[in-house]
Structures are given as structure tokens and as C-alpha cells.
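S.K.: Below is structure-v3.txt; it holds compact mmCIF, C-alpha atoms.
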```
# COMPACT_ATOMS: atom_id res chain seq x y z
CA MET A 1 10.88 19.07 -17.06
CA ASP A 2 13.31 21.72 -15.92
CA LEU A 3 14.35 20.72 -12.39
CA LYS A 4 15.04 24.25 -11.20
CA ASN A 5 12.60 25.24 -8.43
CA LYS A 6 10.86 21.87 -8.56
CA VAL A 7 10.22 19.74 -5.44
CA ALA A 8 11.33 16.11 -5.22
CA LEU A 9 10.30 13.62 -2.54
CA VAL A 10 12.95 10.90 -2.25
CA THR A 11 12.25 7.90 -0.02
CA GLY A 12 15.12 6.24 1.79
CA ALA A 13 17.07 9.41 1.06
CA GLY A 14 19.50 9.40 3.97
CA ARG A 15 21.72 6.55 2.85
CA ARG A 16 23.26 4.77 -0.11
CA ILE A 17 21.52 5.32 -3.46
CA GLY A 18 18.81 7.58 -2.05
CA ARG A 19 21.45 9.97 -0.78
CA ALA A 20 23.15 10.20 -4.19
CA ILE A 21 19.81 10.82 -5.89
CA SER A 22 18.93 13.59 -3.45
CA LEU A 23 22.26 15.34 -3.94
CA ALA A 24 22.05 15.07 -7.74
CA LEU A 25 18.52 16.47 -7.96
CA ALA A 26 19.47 19.30 -5.59
CA ALA A 27 22.49 20.08 -7.77
CA HIS A 28 20.09 20.53 -10.69
CA GLY A 29 18.02 23.05 -8.71
CA ALA A 30 15.31 20.95 -7.08
CA SER A 31 14.23 21.27 -3.46
CA ILE A 32 14.39 17.92 -1.70
CA ALA A 33 12.03 16.27 0.78
CA VAL A 34 14.41 13.81 2.43
CA HIS A 35 12.48 10.81 3.73
CA TYR A 36 13.79 8.47 6.41
CA ARG A 37 12.41 5.83 8.72
CA THR A 38 15.18 5.20 11.27
CA SER A 39 18.24 6.91 9.75
CA GLN A 40 17.52 10.40 11.09
CA ALA A 41 21.17 11.38 11.54
CA GLU A 42 21.98 10.41 7.96
CA ALA A 43 18.90 12.22 6.63
CA ASP A 44 19.80 15.34 8.58
CA ALA A 45 23.32 15.15 7.14
CA VAL A 46 21.97 15.02 3.58
CA ALA A 47 19.71 18.01 4.19
CA THR A 48 22.60 19.91 5.78
CA GLU A 49 24.90 19.13 2.83
CA ILE A 50 22.29 20.30 0.34
CA GLY A 51 21.81 23.51 2.31
CA ALA A 52 25.56 24.10 2.51
CA ASN A 53 25.71 23.91 -1.27
CA GLY A 54 23.01 26.54 -1.66
CA GLY A 55 20.06 24.18 -2.03
CA ASN A 56 16.86 23.63 -0.08
CA ALA A 57 16.00 20.43 1.79
CA ARG A 58 13.94 19.25 4.74
CA THR A 59 13.63 15.86 6.39
CA PHE A 60 10.42 13.87 6.88
CA ARG A 61 9.92 10.64 8.81
CA ALA A 62 7.50 7.84 7.94
CA ASN A 63 7.28 4.09 8.36
CA LEU A 64 6.39 3.08 4.81
CA GLU A 65 4.73 -0.11 6.04
CA HIS A 66 1.81 2.02 7.28
CA VAL A 67 -0.42 3.82 4.79
CA ALA A 68 -1.55 6.38 7.38
CA GLU A 69 2.05 7.49 7.91
CA ILE A 70 2.62 7.70 4.15
CA GLN A 71 -0.44 9.92 3.73
CA GLN A 72 0.62 12.10 6.66
CA MET A 73 4.13 12.53 5.26
CA VAL A 74 2.84 13.55 1.84
CA ALA A 75 0.57 16.11 3.52
CA GLU A 76 3.54 17.46 5.49
CA VAL A 77 5.68 17.75 2.35
CA LEU A 78 2.91 19.61 0.52
CA ASP A 79 2.45 21.90 3.51
CA ALA A 80 6.19 22.61 3.70
CA PHE A 81 6.89 23.13 -0.01
CA GLY A 82 3.49 23.83 -1.52
CA ARG A 83 3.92 21.23 -4.27
CA VAL A 84 5.54 17.92 -5.24
CA ASP A 85 6.81 17.58 -8.80
CA ILE A 86 8.92 14.43 -8.50
CA LEU A 87 8.55 11.22 -6.50
CA ILE A 88 11.49 8.83 -6.28
CA ASN A 89 10.53 5.49 -4.73
CA SER A 90 14.00 4.49 -3.57
CA ALA A 91 13.41 2.84 -0.18
CA SER A 92 13.58 -0.95 -0.32
CA VAL A 93 13.81 -4.11 1.78
CA PHE A 94 16.42 -6.67 0.67
CA ALA A 95 17.34 -9.77 2.64
CA PRO A 96 17.87 -13.45 1.82
CA THR A 97 14.79 -15.62 2.40
CA PRO A 98 15.21 -19.28 1.37
CA LEU A 99 11.84 -20.76 0.41
CA ILE A 100 11.62 -23.19 3.32
CA GLU A 101 12.27 -20.36 5.81
CA ILE A 102 9.87 -17.72 4.46
CA THR A 103 7.41 -16.45 7.06
CA GLU A 104 4.34 -14.27 6.70
CA ARG A 105 6.36 -11.42 8.19
CA ASP A 106 9.07 -11.86 5.52
CA TRP A 107 6.44 -11.70 2.81
CA ASP A 108 4.69 -8.66 4.27
CA ALA A 109 7.93 -6.77 4.94
CA ASN A 110 9.00 -7.08 1.30
CA PHE A 111 5.63 -6.25 -0.20
CA ASP A 112 4.79 -3.44 2.22
CA THR A 113 7.97 -1.47 1.50
CA ASN A 114 8.81 -2.57 -2.05
CA LEU A 115 5.35 -2.49 -3.62
CA LYS A 116 2.54 -1.25 -1.38
CA ALA A 117 4.40 1.90 -0.33
CA PRO A 118 5.29 2.97 -3.90
CA PHE A 119 1.63 2.54 -4.86
CA PHE A 120 0.21 4.62 -2.04
CA LEU A 121 2.94 7.24 -2.31
CA SER A 122 2.13 7.51 -6.01
CA LYS A 123 -1.59 7.69 -5.30
CA PHE A 124 -1.30 10.54 -2.82
CA VAL A 125 1.42 12.47 -4.64
CA SER A 126 -0.08 12.13 -8.11
CA ALA A 127 -3.25 13.90 -6.99
CA ALA A 128 -1.17 17.05 -6.44
CA MET A 129 0.84 16.47 -9.63
CA ARG A 130 -2.26 16.26 -11.78
CA LYS A 131 -3.61 19.49 -10.34
CA GLN A 132 -0.27 21.11 -11.21
CA GLY A 133 -0.48 19.63 -14.71
CA ALA A 134 2.81 17.72 -14.59
CA GLY A 135 4.84 15.29 -12.54
CA LYS A 136 7.39 12.50 -12.57
CA ILE A 137 7.36 9.22 -10.64
CA ILE A 138 10.42 6.99 -10.80
CA ASN A 139 10.56 3.59 -9.16
CA LEU A 140 13.84 1.93 -8.26
CA GLY A 141 13.40 -1.70 -9.22
CA ASP A 142 15.79 -4.58 -9.68
CA TRP A 143 16.61 -6.92 -12.52
CA ALA A 144 15.42 -9.62 -10.12
CA GLY A 145 11.96 -8.41 -11.10
CA ILE A 146 12.74 -9.68 -14.60
CA ARG A 147 14.84 -12.74 -13.72
CA PRO A 148 14.35 -13.75 -10.07
CA TYR A 149 17.19 -14.32 -7.63
CA LYS A 150 17.37 -17.69 -5.92
CA ASP A 151 16.68 -17.49 -2.17
CA TYR A 152 15.10 -14.03 -2.54
CA LEU A 153 11.58 -15.05 -3.55
CA PRO A 154 9.48 -12.36 -1.78
CA TYR A 155 11.94 -9.67 -2.84
CA SER A 156 12.00 -10.80 -6.48
CA VAL A 157 8.22 -11.06 -6.69
CA SER A 158 7.76 -7.63 -5.10
CA LYS A 159 10.15 -6.09 -7.65
CA SER A 160 8.33 -7.86 -10.48
CA GLY A 161 5.16 -6.29 -9.13
CA LEU A 162 6.85 -2.88 -9.11
CA ILE A 163 7.51 -3.18 -12.83
CA GLY A 164 3.85 -3.99 -13.38
CA LEU A 165 2.83 -1.10 -11.13
CA THR A 166 5.03 1.26 -13.15
CA LYS A 167 3.28 0.34 -16.39
CA ALA A 168 -0.21 0.45 -14.88
CA LEU A 169 0.38 3.85 -13.27
CA ALA A 170 1.81 5.20 -16.53
CA LYS A 171 -1.56 4.48 -18.16
CA GLU A 172 -3.63 5.73 -15.25
CA LEU A 173 -1.77 9.02 -14.86
CA ALA A 174 -1.16 9.94 -18.50
CA PRO A 175 -0.70 12.43 -19.94
CA GLN A 176 0.20 14.75 -17.06
CA VAL A 177 2.42 12.39 -15.05
CA GLN A 178 5.16 10.17 -16.46
CA VAL A 179 6.00 6.99 -14.53
CA ASN A 180 9.18 5.00 -15.16
CA CYS A 181 11.31 2.32 -13.50
CA ILE A 182 15.02 1.59 -13.24
CA ALA A 183 15.81 -2.12 -12.86
CA LEU A 184 19.10 -2.08 -11.00
CA GLY A 185 21.88 -4.58 -10.77
CA MET A 186 24.49 -4.42 -8.06
CA VAL A 187 25.41 -0.84 -7.28
CA ILE A 188 26.40 -0.92 -3.63
CA PRO A 189 26.99 -4.48 -2.39
CA PRO A 190 24.63 -5.48 0.42
CA GLU A 191 26.31 -5.37 3.80
CA HIS A 192 25.81 -9.10 4.33
CA TYR A 193 27.66 -10.04 1.10
CA THR A 194 31.18 -11.44 1.42
CA SER A 195 33.98 -10.22 -0.84
CA GLU A 196 33.88 -13.58 -2.62
CA GLU A 197 30.16 -13.17 -3.34
CA VAL A 198 30.73 -9.69 -4.72
CA GLU A 199 33.58 -10.86 -6.97
CA ARG A 200 31.46 -13.74 -8.27
CA LEU A 201 28.59 -11.40 -9.18
CA VAL A 202 30.92 -8.87 -10.81
CA SER A 203 32.41 -11.63 -12.96
CA ARG A 204 28.94 -12.39 -14.33
CA THR A 205 28.39 -8.87 -15.69
CA LEU A 206 29.45 -7.82 -19.17
CA THR A 207 31.06 -4.66 -17.82
CA LYS A 208 33.09 -6.58 -15.19
CA LYS A 209 32.34 -3.93 -12.62
CA ILE A 210 29.55 -2.82 -10.34
CA GLY A 211 27.66 0.40 -10.78
CA THR A 212 27.82 3.47 -8.59
CA PRO A 213 25.10 5.52 -6.89
CA GLU A 214 26.05 8.31 -9.27
CA ASP A 215 25.20 6.05 -12.25
CA VAL A 216 21.71 5.68 -10.80
CA ALA A 217 21.41 9.38 -10.07
CA ARG A 218 22.23 10.26 -13.68
CA ALA A 219 19.50 7.90 -14.88
CA ILE A 220 17.06 9.51 -12.44
CA VAL A 221 17.89 12.97 -13.78
CA PHE A 222 17.32 11.73 -17.33
CA PHE A 223 13.84 10.44 -16.51
CA CYS A 224 13.03 13.68 -14.69
CA GLU A 225 14.13 15.90 -17.56
CA THR A 226 12.56 13.98 -20.46
CA ASP A 227 8.85 14.28 -21.13
CA PHE A 228 8.70 11.52 -23.74
CA ALA A 229 9.32 8.40 -21.62
CA THR A 230 6.59 6.73 -19.60
CA GLY A 231 5.97 3.12 -18.63
CA ALA A 232 9.61 2.43 -19.45
CA VAL A 233 11.91 0.03 -17.62
CA LEU A 234 15.60 0.89 -17.88
CA THR A 235 17.86 -2.04 -17.02
CA LEU A 236 20.97 -0.68 -15.32
CA GLU A 237 22.78 -3.86 -14.39
CA GLY A 238 26.07 -4.03 -16.28
CA GLY A 239 24.68 -6.43 -18.86
CA ARG A 240 24.00 -9.13 -16.25
CA LEU A 241 20.75 -10.13 -17.96
CA LEU A 242 22.65 -10.96 -21.16
CA SER A 243 25.48 -12.93 -19.60
```
For the file at hand, write its structure as C-alpha cells.

M.R.:
Amino acid sequence: MDLKNKVALVTGAGRRIGRAISLALAAHGASIAVHYRTSQAEADAVATEIGANGGNARTFRANLEHVAEIQQMVAEVLDAFGRVDILINSASVFAPTPLIEITERDWDANFDTNLKAPFFLSKFVSAAMRKQGAGKIINLGDWAGIRPYKDYLPYSVSKSGLIGLTKALAKELAPQVQVNCIALGMVIPPEHYTSEEVERLVSRTLTKKIGTPEDVARAIVFFCETDFATGAVLTLEGGRLLS
């Protein structure tokens, strides 16, 4: 797919990795629907930066825990741009939850944002993609979906489910829409991590360094531009799974 004049909906696009993805896709000629839930100022800043560089972007708010808001946002994006060619499921919940402390709310918060939202976003967006005859859906996963983190049980299980969802959607939406997943390692350290925790995790990678949002953005562009990958899971984690 040539990204020029295409429309990409990026969830969680105002901050961190979502921001880098939005800027990279815009640099390749795509118009960006910048989703946010609470980070309006950051989302506005991303849209402004894209516009200043000659691109086209608009912001859209939705609480991804609620299907009605997801459906409304997709309708608003289609009304604003007339089409959606690319969906990047970037928004995610990540917080430590030791087994003995897990509540129903912890479970629901992880699954609503990390798994339910990508499904319903894909459902609503893919209907338009199939009418257009083409589309790309890319899910941002985690290598915890392959080898779970201790004390992050709901998160790890939700990311494992996202890998399964990627493969199932790839079958359901073929051949018009390609669906792929990137299983990330540490790219931007979580705000609650100490410097010692970050150093310990870096030491366990083969690359002896953490990734960057730009590393992720380049992988996203690859999956958008190729038409021969679907149902794939790219592990982008510095070799942590092998160490």
C-alpha cells in the first residue's frame, strides 16, 4: 500500500509510541486521525505538528472501554475523512497487578482496552476497508503475550489474546485486509519503573539497549506498505525472548 493520501486511525496517538507512529505515517503522506481519551493537549500538539509539516490531522476522543464510544469515533473519522485505510491499535493499559491483589476492575481495565477495544475497532473499521477493497490493521502487542511477565497477569493474558485476535482477524478479513501484530519489548520505560529496574531489564536483552518509538514506527510503516504479510507477529524486543 502506498501511504500517500491514505487515512490512518491511531489510538493513543497523543503520547509516547502512538505519537511517533502518527508522525511517521504523516511523513509518508497519510492523513492521521489522532485518538485520545484524556490527553487532549498532547493530541492537539501532535495534530498541530503534523499540520505544520504540511500534513493533515484531526483529533478524536473516545473512551475505549465503551463500545458505543468506539463506534461513534469511527463514524466521526469516516465522516471527517471519507475513508479509513489503516488502523493502528496502539492504546494500552499497563500496570503491575500481583495475583493476590487482582480485582475485577483490574481484569476488566486490561481486557477492555488491550483486547476488547482492538476487536471492536477492527470490526467497525474493517467494514469500510472491505468496501474500499483494501486495508491494514496493526496491533501493538507485547512479548509478554508470548512469555508472561510475573505480577502482570491480566496484562499478559490480554496481550496473548491480542496475538490470537490478530491471527483470527487475518483469516476473517482476507484477502482485502491484512492484520498483523508487533510484540514489543521495552521501548519507553514505564513511568513507575526505577532506574535499577530499567538497567536490569536492559541487561537481559541481547542488544543491551532498549528500543525507541522510532523503531516501532518503522515497523509499522513496513506492515502498512507490504501487501504480503498477514497474521504475522513481529517480535521487536531486543532479543529478550532468546536470552

S.K.: Starting from the point (11.4, -4.3, -15.7), work out which residues of protein, DNA or RNA have an atom no more than 6 Å away when counting only C-alpha atoms; state them as a PDB file with C-alpha atoms, keeping the file's coordinate frame.

M.R.:
```
ATOM      1  CA  ILE A 146      12.740  -9.680 -14.600  1.00  0.00           C
ATOM      2  CA  ILE A 163       7.510  -3.180 -12.830  1.00  0.00           C
ATOM      3  CA  ALA A 183      15.810  -2.120 -12.860  1.00  0.00           C
ATOM      4  CA  VAL A 233      11.910   0.030 -17.620  1.00  0.00           C
TER       5      VAL A 233
END
```

S.K.: Each residue of region 137-220 of chain A lying at most 7 Å from region 19-23 of chain A should get a row with its shortest atom-to-atom pair and the distance in Å to one decimal, counting only C-alpha atoms; could you produce that, ordered by chain and increasing number, as a tab-separated table?

M.R.:
```
residue	atom	partner	partner_atom	distance
A:Pro213	CA	A:Ala20	CA	5.7
A:Glu214	CA	A:Ala20	CA	6.1
A:Ala217	CA	A:Ile21	CA	4.7
```

S.K.: With distances taken over all atoms listed in the file, which of A:Ser156, A:Gln176, A:Asn53, A:Asn63 is nearest to Thr113 (chain A)?

M.R.: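 Smallest distance to Thr113 (chain A) is found for A:Asn63.
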
S.K.: If we count all atoms listed in the file and set the cut-off at 7 Å, which residues sit around Leu121 (chain A), ignoring sequence neighbours fewer than 4 positions away in its own chain? Please answer as a PyMOL selection string.

M.R.: chain A and resi 70+117+125

S.K.: Do a neighbour search on region 1-17 of chain A at 7 Å with only C-alpha atoms, toss out local chain neighbours closer than 2 positions, and write the hits as a VMD selection string.

M.R.: chain A and resid 19 to 22 28 to 36 39 42 to 43 46 83 to 91 213 224 to 227

S.K.: Could you please determine the separation between CA of Ser126 (chain A) and CA of Val177 (chain A) in Å, to one decimal place?

M.R.: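 Interatomic distance here is 7.4 Å.
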
S.K.: Select from region 116-233 of chain A every residue with an atom at most 9 Å from any atom of region 101-110 of chain A, then for each give the shortest pair of atoms and their distance in Å to one decimal, using all atoms listed in the file, rows by chain and rising number, as CSV.

M.R.:
```
residue,atom,partner,partner_atom,distance
A:Leu153,CA,A:Ile102,CA,8.6
A:Pro154,CA,A:Trp107,CA,5.5
A:Tyr155,CA,A:Asn110,CA,5.7
A:Val157,CA,A:Asn110,CA,9.0
A:Ser158,CA,A:Asn110,CA,6.5
```

S.K.: Between A:Met73, A:Cys181, A:Ala26, A:Ala68, which one has atoms that come closest to Ala52 (chain A), using all atoms listed in the file?

M.R.: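 Once distances to Ala52 (chain A) are computed over all atoms listed in the file, the minimum belongs to A:Ala26.
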
S.K.: List every protein, DNA or RNA residue with an atom no more than 10 Å from (1.4, 7.6, 2.8) in the file's coordinates, counting all atoms listed in the file, and format the result as a list of chain:residue names.

M.R.: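 Neighbouring residues, ordered by chain and number, come to A:Ala62, A:Asn63, A:Leu64, A:Glu65, A:His66, A:Val67, A:Ala68, A:Glu69, A:Ile70, A:Gln71, A:Gln72, A:Met73, A:Val74, A:Ala75, A:Lys116, A:Ala117, A:Pro118, A:Phe119, A:Phe120, A:Leu121, A:Ser122, A:Lys123, A:Phe124, A:Val125.
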
S.K.: Export, as a PDB file, in the frame of the given file, the selected residues with C-alpha atoms.

M.R.:
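So again33.pdb came out as:
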```
ATOM      1  CA  ALA A  62       7.500   7.840   7.940  1.00  0.00           C
ATOM      2  CA  ASN A  63       7.280   4.090   8.360  1.00  0.00           C
ATOM      3  CA  LEU A  64       6.390   3.080   4.810  1.00  0.00           C
ATOM      4  CA  GLU A  65       4.730  -0.110   6.040  1.00  0.00           C
ATOM      5  CA  HIS A  66       1.810   2.020   7.280  1.00  0.00           C
ATOM      6  CA  VAL A  67      -0.420   3.820   4.790  1.00  0.00           C
ATOM      7  CA  ALA A  68      -1.550   6.380   7.380  1.00  0.00           C
ATOM      8  CA  GLU A  69       2.050   7.490   7.910  1.00  0.00           C
ATOM      9  CA  ILE A  70       2.620   7.700   4.150  1.00  0.00           C
ATOM     10  CA  GLN A  71      -0.440   9.920   3.730  1.00  0.00           C
ATOM     11  CA  GLN A  72       0.620  12.100   6.660  1.00  0.00           C
ATOM     12  CA  MET A  73       4.130  12.530   5.260  1.00  0.00           C
ATOM     13  CA  VAL A  74       2.840  13.550   1.840  1.00  0.00           C
ATOM     14  CA  ALA A  75       0.570  16.110   3.520  1.00  0.00           C
ATOM     15  CA  LYS A 116       2.540  -1.250  -1.380  1.00  0.00           C
ATOM     16  CA  ALA A 117       4.400   1.900  -0.330  1.00  0.00           C
ATOM     17  CA  PRO A 118       5.290   2.970  -3.900  1.00  0.00           C
ATOM     18  CA  PHE A 119       1.630   2.540  -4.860  1.00  0.00           C
ATOM     19  CA  PHE A 120       0.210   4.620  -2.040  1.00  0.00           C
ATOM     20  CA  LEU A 121       2.940   7.240  -2.310  1.00  0.00           C
ATOM     21  CA  SER A 122       2.130   7.510  -6.010  1.00  0.00           C
ATOM     22  CA  LYS A 123      -1.590   7.690  -5.300  1.00  0.00           C
ATOM     23  CA  PHE A 124      -1.300  10.540  -2.820  1.00  0.00           C
ATOM     24  CA  VAL A 125       1.420  12.470  -4.640  1.00  0.00           C
TER      25      VAL A 125
END
```

S.K.: Compare A:Tyr149, A:Ala24, A:Pro175, A:Phe81 by their minimum atom-to-atom distance to Phe94 (chain A), counting all atoms listed in the file, and give me the closest one.

M.R.: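 Between A:Tyr149, A:Ala24, A:Pro175, A:Phe81, the residue approaching Phe94 (chain A) most closely is A:Tyr149.
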
S.K.: Provide the CA of Leu206 (chain A) to CA of Ile188 (chain A) distance in Å, to one decimal place.

M.R.: 17.3 Å

S.K.: If I take CA of Ala174 (chain A) and CA of Ser160 (chain A), how far is one from the other in Å, to one decimal?

M.R.: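 So the two atoms, CA of Ala174 (chain A) and CA of Ser160 (chain A), lie 21.7 Å apart.
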
S.K.: Mind checking which residues fall within 12 Å of Gly238 (chain A), counting all atoms listed in the file, ignoring those fewer than 6 positions away in the same chain, and posting them as a PDB file with C-alpha atoms, keeping the file's coordinate frame?

M.R.:
```pdb
ATOM      1  CA  TRP A 143      16.610  -6.920 -12.520  1.00  0.00           C
ATOM      2  CA  ALA A 183      15.810  -2.120 -12.860  1.00  0.00           C
ATOM      3  CA  LEU A 184      19.100  -2.080 -11.000  1.00  0.00           C
ATOM      4  CA  GLY A 185      21.880  -4.580 -10.770  1.00  0.00           C
ATOM      5  CA  MET A 186      24.490  -4.420  -8.060  1.00  0.00           C
ATOM      6  CA  VAL A 187      25.410  -0.840  -7.280  1.00  0.00           C
ATOM      7  CA  LEU A 201      28.590 -11.400  -9.180  1.00  0.00           C
ATOM      8  CA  VAL A 202      30.920  -8.870 -10.810  1.00  0.00           C
ATOM      9  CA  SER A 203      32.410 -11.630 -12.960  1.00  0.00           C
ATOM     10  CA  ARG A 204      28.940 -12.390 -14.330  1.00  0.00           C
ATOM     11  CA  THR A 205      28.390  -8.870 -15.690  1.00  0.00           C
ATOM     12  CA  LEU A 206      29.450  -7.820 -19.170  1.00  0.00           C
ATOM     13  CA  THR A 207      31.060  -4.660 -17.820  1.00  0.00           C
ATOM     14  CA  LYS A 208      33.090  -6.580 -15.190  1.00  0.00           C
ATOM     15  CA  LYS A 209      32.340  -3.930 -12.620  1.00  0.00           C
ATOM     16  CA  ILE A 210      29.550  -2.820 -10.340  1.00  0.00           C
ATOM     17  CA  GLY A 211      27.660   0.400 -10.780  1.00  0.00           C
ATOM     18  CA  THR A 212      27.820   3.470  -8.590  1.00  0.00           C
ATOM     19  CA  ASP A 215      25.200   6.050 -12.250  1.00  0.00           C
ATOM     20  CA  VAL A 216      21.710   5.680 -10.800  1.00  0.00           C
TER      21      VAL A 216
END
```

S.K.: When you look at Thr230 (chain A) with a cut-off of 10 Å (counting only C-alpha atoms), what residues show up, excluding the ones that are within fewer than 6 positions of it in the same chain? I need them as number ranges by chain.

M.R.: A: 136-138, 166-167, 169-171, 173-175, 177-181, 223

S.K.: So, counting all atoms listed in the file, which residue among A:Lys159, A:Arg37, A:Gly239, A:Lys150 is closest to Pro98 (chain A)?

M.R.: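 Smallest distance to Pro98 (chain A) is found for A:Lys150.
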
S.K.: Measuring between all atoms listed in the file, which one of A:Ser92, A:Ser195, A:Thr97, A:Ser243 shows the shortest distance to Asp142 (chain A)?

M.R.: A:Ser92

S.K.: Quick one: axis-aligned box around all listed atoms of region 92-103 of chain A, 8 Å on every side, centre and edge lengths in Å to one decimal, written as JSON.

M.R.:
```
{"center_x": 12.6, "center_y": -12.1, "center_z": 3.4, "size_x": 26.5, "size_y": 38.2, "size_z": 23.4}
```
